[in-house]
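Structure file start.txt (compact mmCIF, C-alpha atoms) follows.
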# COMPACT_ATOMS: atom_id res chain seq x y z
CA MET A 1370 44.24 13.13 69.69
CA ASN A 1371 41.04 11.41 70.90
CA GLY A 1372 40.39 7.66 71.14
CA ALA A 1373 38.55 7.43 67.82
CA THR A 1374 41.48 8.76 65.86
CA GLN A 1375 44.08 6.97 67.95
CA ARG A 1376 42.70 3.51 67.16
CA PRO A 1377 43.18 3.62 63.35
CA GLN A 1378 46.58 5.16 63.86
CA ARG A 1379 47.52 2.37 66.28
CA LEU A 1380 46.38 -0.19 63.73
CA GLU A 1381 48.38 1.40 60.91
CA ASP A 1382 51.46 1.63 63.13
CA TYR A 1383 50.98 -1.99 64.11
CA LEU A 1384 50.59 -3.13 60.49
CA GLU A 1385 53.64 -1.14 59.45
CA ALA A 1386 55.77 -2.76 62.15
CA LEU A 1387 54.32 -6.18 61.29
CA THR A 1388 55.01 -5.72 57.57
CA LEU A 1389 58.57 -4.62 58.22
CA ARG A 1390 59.26 -7.64 60.40
CA LEU A 1391 57.67 -10.04 57.91
CA GLN A 1392 59.82 -8.54 55.15
CA LEU A 1393 62.90 -9.05 57.29
CA LEU A 1394 61.83 -12.67 57.72
CA ASP A 1395 61.71 -13.03 53.91
CA LEU A 1396 58.06 -13.91 53.62
CA PRO A 1397 56.69 -13.65 50.06
CA ARG A 1398 55.04 -10.31 49.35
CA VAL A 1399 51.67 -11.92 48.61
CA ARG A 1400 51.72 -13.78 51.92
CA ILE A 1401 52.61 -10.58 53.79
CA GLY A 1402 49.63 -8.90 52.16
CA GLN A 1403 47.39 -11.74 53.29
CA VAL A 1404 48.65 -11.61 56.89
CA VAL A 1405 48.13 -7.84 57.00
CA ALA A 1406 44.62 -8.23 55.55
CA GLU A 1407 43.78 -10.88 58.16
CA VAL A 1408 44.86 -8.60 60.99
CA ARG A 1409 42.99 -5.65 59.49
CA ALA A 1410 39.76 -7.64 59.07
CA HIS A 1411 40.02 -9.18 62.54
CA VAL A 1412 40.57 -5.82 64.24
CA HIS A 1413 37.75 -4.30 62.20
CA ASP A 1414 35.37 -7.08 63.28
CA SER A 1415 36.40 -7.39 66.91
CA GLY A 1416 37.21 -3.79 67.70
CA GLU A 1417 40.19 -5.07 69.69
CA ASP A 1418 43.52 -3.36 69.90
CA PRO A 1419 45.85 -5.24 67.52
CA ARG A 1420 48.39 -5.74 70.29
CA THR A 1421 45.73 -7.32 72.50
CA ALA A 1422 44.52 -9.62 69.74
CA PHE A 1423 47.84 -10.55 68.13
CA GLY A 1424 50.56 -9.64 70.62
CA ALA A 1425 53.57 -7.51 69.73
CA PRO A 1426 54.10 -7.15 65.94
CA ALA A 1427 57.51 -8.82 66.07
CA ASP A 1428 56.16 -11.78 68.08
CA TYR A 1429 53.22 -12.26 65.75
CA ALA A 1430 55.45 -11.99 62.68
CA ASP A 1431 57.71 -14.65 64.18
CA ALA A 1432 54.71 -16.92 64.84
CA VAL A 1433 53.54 -16.49 61.23
CA ALA A 1434 57.04 -17.21 59.93
CA VAL A 1435 57.27 -20.37 62.06
CA ALA A 1436 53.93 -21.57 60.65
CA GLU A 1437 55.14 -20.86 57.10
CA ALA A 1438 58.44 -22.62 57.69
CA ASP A 1439 56.58 -25.67 59.01
CA GLY A 1440 54.72 -25.92 55.72
CA GLN A 1441 57.81 -25.45 53.59
CA ALA A 1442 59.75 -27.99 55.60
CA ARG A 1443 57.29 -30.74 54.70
CA PRO A 1444 58.44 -33.06 51.96
CA ASP A 1445 57.21 -32.10 48.53
CA PRO A 1446 56.28 -35.24 46.58
CA TRP A 1447 57.25 -33.56 43.33
CA THR A 1448 60.84 -32.81 44.16
CA GLY A 1449 63.67 -35.30 44.05
CA TRP A 1450 63.70 -38.45 41.98
CA GLY A 1451 60.85 -40.35 43.59
CA TRP A 1452 58.16 -39.04 41.29
CA MET A 1453 60.27 -39.86 38.23
CA VAL A 1454 60.62 -43.44 39.43
CA ARG A 1455 56.87 -43.67 39.99
CA PHE A 1456 56.17 -42.07 36.66
CA THR A 1457 58.56 -44.40 34.82
CA ALA A 1458 56.99 -47.41 36.54
CA PHE A 1459 53.55 -46.17 35.58
CA VAL A 1460 54.39 -45.68 31.92
CA ALA A 1461 56.35 -48.96 31.71
CA GLY A 1462 53.44 -50.81 33.30
CA ALA A 1463 50.93 -49.20 30.98
CA TYR A 1464 53.19 -50.04 28.06
CA LEU A 1465 53.38 -53.71 29.05
CA LEU A 1466 49.62 -53.87 29.46
CA ARG A 1467 49.11 -52.26 26.10
CA MET A 1468 51.51 -54.68 24.49
CA PHE A 1469 50.53 -58.00 25.97
CA ALA A 1470 46.95 -57.53 27.07
CA LEU A 1471 45.88 -55.71 23.98
CA ASN A 1472 48.24 -56.87 21.32
CA SER A 1473 45.49 -57.51 18.83
CA GLN A 1474 43.98 -54.06 19.14
CA SER A 1475 44.84 -51.34 16.71
CA TRP A 1476 46.00 -48.02 18.17
CA SER A 1477 43.82 -46.19 15.73
CA ASP A 1478 40.71 -48.13 16.82
CA PHE A 1479 39.26 -45.83 19.49
CA THR A 1480 35.68 -47.08 19.11
CA THR A 1481 36.03 -49.86 21.69
CA LEU A 1482 38.34 -48.12 24.20
CA PRO A 1483 39.92 -51.21 25.87
CA TRP A 1484 41.05 -50.69 29.44
CA PRO A 1485 44.82 -51.03 28.87
CA LEU A 1486 44.51 -48.17 26.42
CA ILE A 1487 42.66 -46.15 29.04
CA VAL A 1488 45.48 -46.86 31.45
CA TYR A 1489 47.91 -45.65 28.81
CA LEU A 1490 45.90 -42.44 28.43
CA LEU A 1491 45.86 -42.01 32.19
CA ALA A 1492 49.63 -42.28 32.08
CA LEU A 1493 49.65 -39.45 29.58
CA GLY A 1494 47.40 -37.49 31.91
CA ALA A 1495 49.84 -38.17 34.75
CA VAL A 1496 52.67 -36.86 32.58
CA GLY A 1497 50.72 -33.69 31.95
CA ALA A 1498 49.91 -33.29 35.64
CA MET A 1499 53.52 -33.83 36.69
CA VAL A 1500 54.96 -31.48 34.09
CA SER A 1501 52.35 -28.82 34.78
CA ARG A 1502 52.90 -29.20 38.52
CA TRP A 1503 56.61 -28.65 37.99
CA LEU A 1504 55.96 -25.64 35.78
CA ILE A 1505 53.43 -23.96 38.08
CA ARG A 1506 55.30 -24.55 41.34
CA PRO A 1507 56.92 -21.08 41.54
CA TRP A 1508 53.66 -19.36 40.66
CA ALA A 1509 51.67 -21.48 43.10
CA ALA A 1510 54.16 -20.74 45.89
CA ARG A 1511 53.79 -17.00 45.31
CA GLN A 1512 50.00 -17.25 45.27
CA GLY A 1513 49.84 -19.45 48.33
CA VAL A 1514 47.99 -22.12 46.34
CA TYR A 1515 48.44 -25.82 46.99
CA ALA A 1516 49.85 -26.74 43.62
CA PRO A 1517 48.93 -30.47 43.47
CA THR A 1518 45.29 -29.42 43.50
CA LEU A 1519 45.92 -27.36 40.39
CA SER A 1520 47.85 -30.12 38.70
CA VAL A 1521 44.98 -32.52 39.33
CA ALA A 1522 42.70 -29.98 37.67
CA ILE A 1523 45.06 -29.79 34.72
CA ALA A 1524 45.42 -33.57 34.38
CA PRO A 1525 42.19 -34.15 32.38
CA ARG A 1526 43.24 -31.52 29.86
CA ALA A 1527 46.65 -33.11 29.57
CA LEU A 1528 44.93 -36.46 29.11
CA VAL A 1529 42.88 -35.13 26.20
CA LEU A 1530 45.94 -33.57 24.58
CA GLY A 1531 47.93 -36.78 25.18
CA GLY A 1532 45.11 -38.82 23.66
CA LEU A 1533 45.05 -36.64 20.57
CA ALA A 1534 48.82 -36.90 20.29
CA THR A 1535 48.51 -40.68 20.54
CA VAL A 1536 45.92 -40.76 17.77
CA ILE A 1537 48.09 -38.65 15.52
CA VAL A 1538 51.59 -39.91 16.36
CA GLY A 1539 50.89 -43.34 17.88
CA PRO A 1540 50.10 -45.36 14.73
CA ALA A 1541 53.30 -44.17 13.10
CA VAL A 1542 55.63 -44.85 16.03
CA LEU A 1543 54.22 -47.48 18.38
CA PRO A 1544 53.82 -50.53 16.10
CA PHE A 1545 57.55 -50.52 15.42
CA GLN A 1546 58.38 -50.19 19.13
CA ILE A 1547 55.97 -52.93 20.12
CA GLN A 1548 57.27 -55.30 17.48
CA THR A 1549 60.86 -54.61 18.53
CA PHE A 1550 60.11 -55.21 22.22
CA ILE A 1551 58.22 -58.41 21.56
CA GLU A 1552 61.14 -59.74 19.57
CA LEU A 1553 63.61 -58.78 22.30
CA ALA A 1554 61.48 -59.77 25.30
CA PRO A 1555 62.46 -62.90 27.22
CA GLY A 1556 60.26 -65.86 26.53
CA ALA A 1557 58.03 -65.43 29.57
CA PRO A 1558 54.32 -66.02 29.02
CA ALA A 1559 52.18 -62.99 28.27
CA THR A 1560 50.34 -63.41 31.58
CA VAL A 1561 53.61 -62.81 33.45
CA TRP A 1562 54.20 -59.58 31.57
CA ILE A 1563 50.59 -58.55 32.17
CA GLY A 1564 51.09 -59.25 35.87
CA VAL A 1565 54.25 -57.14 35.87
CA GLY A 1566 52.35 -54.38 34.09
CA VAL A 1567 49.52 -54.43 36.63
CA ALA A 1568 52.02 -54.42 39.51
CA LEU A 1569 53.95 -51.49 38.06
CA VAL A 1570 50.87 -49.41 37.30
CA GLY A 1571 49.15 -50.25 40.58
CA GLY A 1572 52.30 -49.73 42.63
CA ALA A 1573 52.98 -46.40 40.93
CA ILE A 1574 49.43 -45.17 41.55
CA ILE A 1575 49.41 -46.26 45.20
CA THR A 1576 52.82 -44.77 45.99
CA GLU A 1577 51.93 -41.60 44.11
CA ILE A 1578 48.76 -41.13 46.15
CA ARG A 1579 50.64 -41.81 49.37
CA ALA A 1580 53.44 -39.41 48.44
CA SER A 1581 51.04 -36.67 47.32
CA ARG A 1582 49.06 -36.83 50.54
CA PRO A 1583 50.20 -34.08 52.86
CA PRO A 1584 51.50 -35.36 56.18
CA ARG A 1585 49.47 -34.99 59.31
CA PRO A 1586 50.05 -31.92 61.38
CA ASP A 1587 52.55 -32.36 64.19
CA MET B 1048 51.44 -27.36 66.97
CA THR B 1049 51.87 -23.85 68.23
CA SER B 1050 55.17 -22.29 69.11
CA PRO B 1051 55.76 -21.56 72.77
CA SER B 1052 56.02 -17.85 71.96
CA THR B 1053 52.32 -17.73 71.15
CA GLY B 1054 51.21 -19.98 73.99
CA ARG B 1055 50.55 -17.07 76.31
CA HIS B 1056 47.61 -16.02 74.14
CA TYR B 1057 45.67 -19.06 75.20
CA LEU B 1058 43.11 -18.67 77.95
CA LEU B 1059 40.56 -21.32 78.65
CA VAL B 1060 37.44 -19.84 80.17
CA VAL B 1061 36.18 -22.45 82.61
CA ALA B 1062 34.95 -22.25 86.14
CA HIS B 1063 37.87 -24.05 87.73
CA VAL B 1064 40.86 -22.34 86.19
CA VAL B 1065 43.72 -22.85 88.59
CA ASN B 1066 46.79 -22.54 86.46
CA PRO B 1067 46.48 -20.67 83.13
CA GLU B 1068 49.77 -22.10 81.89
CA ARG B 1069 48.52 -25.64 82.37
CA HIS B 1070 45.28 -24.84 80.58
CA ALA B 1071 47.31 -23.30 77.79
CA GLN B 1072 49.24 -26.56 77.47
CA TRP B 1073 46.04 -28.61 77.32
CA LEU B 1074 44.54 -26.33 74.73
CA ARG B 1075 47.68 -26.30 72.61
CA GLY B 1076 47.34 -30.03 72.06
CA VAL B 1077 43.71 -29.94 71.02
CA LEU B 1078 43.02 -26.49 69.54
CA ASP B 1079 43.39 -27.73 65.97
CA LEU B 1080 40.64 -30.28 66.63
CA LEU B 1081 38.42 -27.64 68.23
CA VAL B 1082 38.85 -25.38 65.20
CA LEU B 1083 38.16 -28.24 62.79
CA SER B 1084 35.10 -29.17 64.83
CA MET B 1085 33.79 -25.59 64.63
CA LEU B 1086 34.43 -25.57 60.89
CA SER B 1087 32.64 -28.89 60.46
CA ARG B 1088 29.42 -27.30 61.78
CA VAL B 1089 29.20 -24.64 59.07
CA ASP B 1090 29.72 -24.40 55.33
CA SER B 1091 32.44 -21.81 55.71
CA THR B 1092 33.42 -19.09 58.15
CA TYR B 1093 36.06 -16.44 58.78
CA GLY B 1094 38.61 -15.86 61.52
CA TYR B 1095 36.75 -13.59 63.91
CA ALA B 1096 33.54 -15.64 63.60
CA LEU B 1097 35.59 -18.67 64.65
CA VAL B 1098 36.89 -16.77 67.67
CA ARG B 1099 33.29 -15.93 68.63
CA ASP B 1100 32.09 -19.51 68.10
CA LEU B 1101 34.89 -20.86 70.26
CA GLU B 1102 34.15 -18.27 72.92
CA ALA B 1103 30.50 -19.30 72.90
CA GLU B 1104 31.70 -22.83 73.71
CA GLY B 1105 33.83 -21.53 76.58
CA VAL B 1106 37.20 -21.40 74.85
CA SER B 1107 38.88 -18.04 74.38
CA VAL B 1108 41.51 -17.83 71.66
CA LYS B 1109 43.33 -14.76 70.44
CA GLY B 1110 43.86 -13.93 66.78
CA GLY B 1111 47.61 -14.24 67.27
CA THR B 1112 47.11 -17.92 68.00
CA LEU B 1113 44.26 -18.70 65.65
CA TYR B 1114 45.56 -17.40 62.32
CA PRO B 1115 48.95 -19.18 62.34
CA LEU B 1116 47.06 -22.35 63.29
CA LEU B 1117 44.64 -21.86 60.39
CA SER B 1118 47.64 -21.33 58.13
CA ARG B 1119 49.04 -24.68 59.22
CA LEU B 1120 45.69 -26.38 58.68
CA GLU B 1121 45.57 -24.86 55.20
CA GLN B 1122 49.06 -26.06 54.37
CA ASP B 1123 48.06 -29.52 55.51
CA CYS B 1124 45.00 -29.30 53.23
CA LEU B 1125 42.71 -29.77 56.22
CA VAL B 1126 40.93 -26.53 55.37
CA SER B 1127 40.48 -24.67 52.11
CA THR B 1128 40.34 -20.90 51.88
CA ARG B 1129 39.09 -18.11 49.68
CA TRP B 1130 39.14 -14.35 49.92
CA LEU B 1131 35.85 -12.50 49.69
CA PRO B 1132 35.11 -8.79 49.93
CA GLY B 1133 33.86 -7.77 53.38
CA GLU B 1134 30.52 -6.09 53.94
CA GLY B 1135 31.39 -2.50 54.69
CA GLY B 1136 34.90 -3.44 55.74
CA PRO B 1137 38.12 -5.05 54.57
CA GLY B 1138 38.15 -8.33 52.63
CA ARG B 1139 38.02 -11.52 54.64
CA LYS B 1140 39.59 -14.92 54.29
CA TRP B 1141 36.94 -17.64 54.53
CA PHE B 1142 37.77 -21.11 55.75
CA GLU B 1143 36.09 -24.39 54.90
CA ILE B 1144 36.91 -27.84 56.25
CA THR B 1145 38.04 -30.32 53.59
CA ALA B 1146 37.23 -34.02 53.35
CA ARG B 1147 40.72 -34.70 54.65
CA GLY B 1148 40.01 -32.36 57.55
CA ARG B 1149 36.79 -34.19 58.41
CA HIS B 1150 38.58 -37.52 58.26
CA LEU B 1151 41.35 -36.32 60.56
CA LEU B 1152 38.82 -34.75 62.92
CA ALA B 1153 36.87 -38.00 63.23
CA GLU B 1154 40.02 -40.05 63.74
CA GLU B 1155 41.77 -37.77 66.19
CA SER B 1156 38.59 -36.99 68.15
CA THR B 1157 38.23 -40.67 68.95
CA GLY B 1158 41.83 -40.75 70.15
CA TRP B 1159 41.42 -37.62 72.25
CA CYS B 1160 38.22 -38.88 73.89
CA ALA B 1161 39.90 -42.17 74.80
CA PHE B 1162 42.88 -40.28 76.20
CA SER B 1163 40.73 -37.87 78.24
CA ARG B 1164 38.71 -40.80 79.64
CA THR B 1165 41.93 -42.49 80.72
CA VAL B 1166 43.19 -39.33 82.40
CA GLU B 1167 39.83 -38.79 84.07
CA GLN B 1168 39.80 -42.34 85.40
CA ILE B 1169 43.32 -42.09 86.78
CA LEU B 1170 42.57 -38.76 88.46
CA LYS B 1171 39.31 -40.12 89.89
CA ASP B 1172 41.12 -43.17 91.28
CA GLN B 1173 43.69 -40.90 92.89
CA SER B 1174 40.92 -38.78 94.39
CA VAL B 1175 39.10 -41.83 95.81
CA ALA B 1176 42.34 -43.19 97.28
CA ARG B 1177 43.00 -39.86 98.98
CA GLU B 1178 39.50 -39.82 100.51
CA LYS B 1179 39.97 -43.35 101.87
CA ARG B 1180 43.17 -42.29 103.59

Using structure tokens, write down the structure that the file contains.
Amino acid sequence: MNGATQRPQRLEDYLEALTLRLQLLDLPRVRIGQVVAEVRAHVHDSGEDPRTAFGAPADYADAVAVAEADGQARPDPWTGWGWMVRFTAFVAGAYLLRMFALNSQSWSDFTTLPWPLIVYLLALGAVGAMVSRWLIRPWAARQGVYAPTLSVAIAPRALVLGGLATVIVGPAVLPFQIQTFIELAPGAPATVWIGVGVALVGGAIITEIRASRPPRPD
Amino acid sequence: MTSPSTGRHYLLVVAHVVNPERHAQWLRGVLDLLVLSMLSRVDSTYGYALVRDLEAEGVSVKGGTLYPLLSRLEQDCLVSTRWLPGEGGPGRKWFEITARGRHLLAEESTGWCAFSRTVEQILKDQSVAREKR
């Protein structure tokens, strides 16, 4: 066998050993395919022997697995109860703003679009983003896609759908709820409730942004 | 950022290499910034082109070190990636620095420069003191 035929064979042998080791390390099939494609492209471009460029297949597979594990070990802002607390605070705050800052506005009057209503719609968008993020997590993990990016892309659509739902369902349901809450609410001035609403919404947004931001590399 | 098992792939090509292991340690702490800096100069690039660009600057990095590092940068959203078909070869993964990556690069570069100045000053002082003796 001459050198020209040995090189592709060496690469295929290398990739086979690398794939086997990555499978043993339980890497997702899509990720294994990506790693193999990276090695193939790099060797094609550089003309290097794969062992010279990447080290022994087992060592390189271990290095890839360590890098993957580092990413998975980072806290996911969408797991646990934190996001539910933030979400609840957001909706409660938006609800208070809607109630006390915009009590005279009709839910069906969308011609003026007051800002508390916009906040309420943003809350609906956040709901859509959170639910969609939760739903697409397994798919995103398989595809190697950073799912929050997708959920942010989905949020405007969820906002539109939430807005339509509000137009259709809101007038029938919300007036009763608002009236009930106002009757039950302690006798604090409206400005206090508006302040609470702003604090809840602002706090939820700030903590959400902080939690969604990936941590710095070690 | 890089596991010790891959550290041996580092080799800094400079005129005064004395101890490759020490250079490997230095590079390990700053390679992510070097890669981000290379990425900040172009719209997007792929792995082997990065290796070449780093080599042109005097830093030699093997693929076995670079790709896991790029994977970490991607997971940290410091770079974004996309797969494109290669010209007359296999498909390539292209890397692009993100706004977050640029921010981190600017911030950490300042810190590194301050640190290297401090080290340089201490080593210079030591050298002057030795000459006086």

Any idea which chain B residues end up within 9 Å of chain A if we count all atoms listed in the file, as a ChimeraX atom specification please?
/B:1048-1050,1052-1053,1056,1094-1096,1108-1112,1114-1116,1118-1124,1133,1136-1140,1151

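Between CA of Gly1416 (chain A) and CA of Leu1387 (chain A) there is a distance of 18.4 Å.
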
How far is it from CA of Glu1154 (chain B) to CA of Arg1075 (chain B), in Å with one decimal?
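Separating CA of Glu1154 (chain B) from CA of Arg1075 (chain B) is a distance of 18.1 Å.
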
One decimal, in Å: what's the spacing between CA of Leu1125 (chain B) and CA of Gly1572 (chain A)?
26.0 Å

Among the residues B:Thr1157, B:Thr1128, B:Gln1173, B:Thr1092, the one that comes closest to Leu1080 (chain B) [using only C-alpha atoms]
B:Thr1157

From the list B:Ser1163, B:Ser1156, B:Gln1072, B:Thr1145, which residue is nearest Ser1087 (chain B) when using only C-alpha atoms?
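Counting only C-alpha atoms, the residue closest to Ser1087 (chain B) is B:Thr1145.
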
Identify, on the basis of only C-alpha atoms, every residue whose closest approach to region 1573-1576 of chain A does not exceed 7 Å; exclude the query and any residue fewer than 4 positions from it along the same chain; express the result as a PDB file with C-alpha atoms, in the frame of the given file.
ATOM      1  CA  ARG A1455      56.870 -43.670  39.990  1.00  0.00           C
ATOM      2  CA  PHE A1456      56.170 -42.070  36.660  1.00  0.00           C
ATOM      3  CA  ALA A1458      56.990 -47.410  36.540  1.00  0.00           C
ATOM      4  CA  PHE A1459      53.550 -46.170  35.580  1.00  0.00           C
ATOM      5  CA  LEU A1569      53.950 -51.490  38.060  1.00  0.00           C
ATOM      6  CA  ALA A1580      53.440 -39.410  48.440  1.00  0.00           C
TER       7      ALA A1580
END
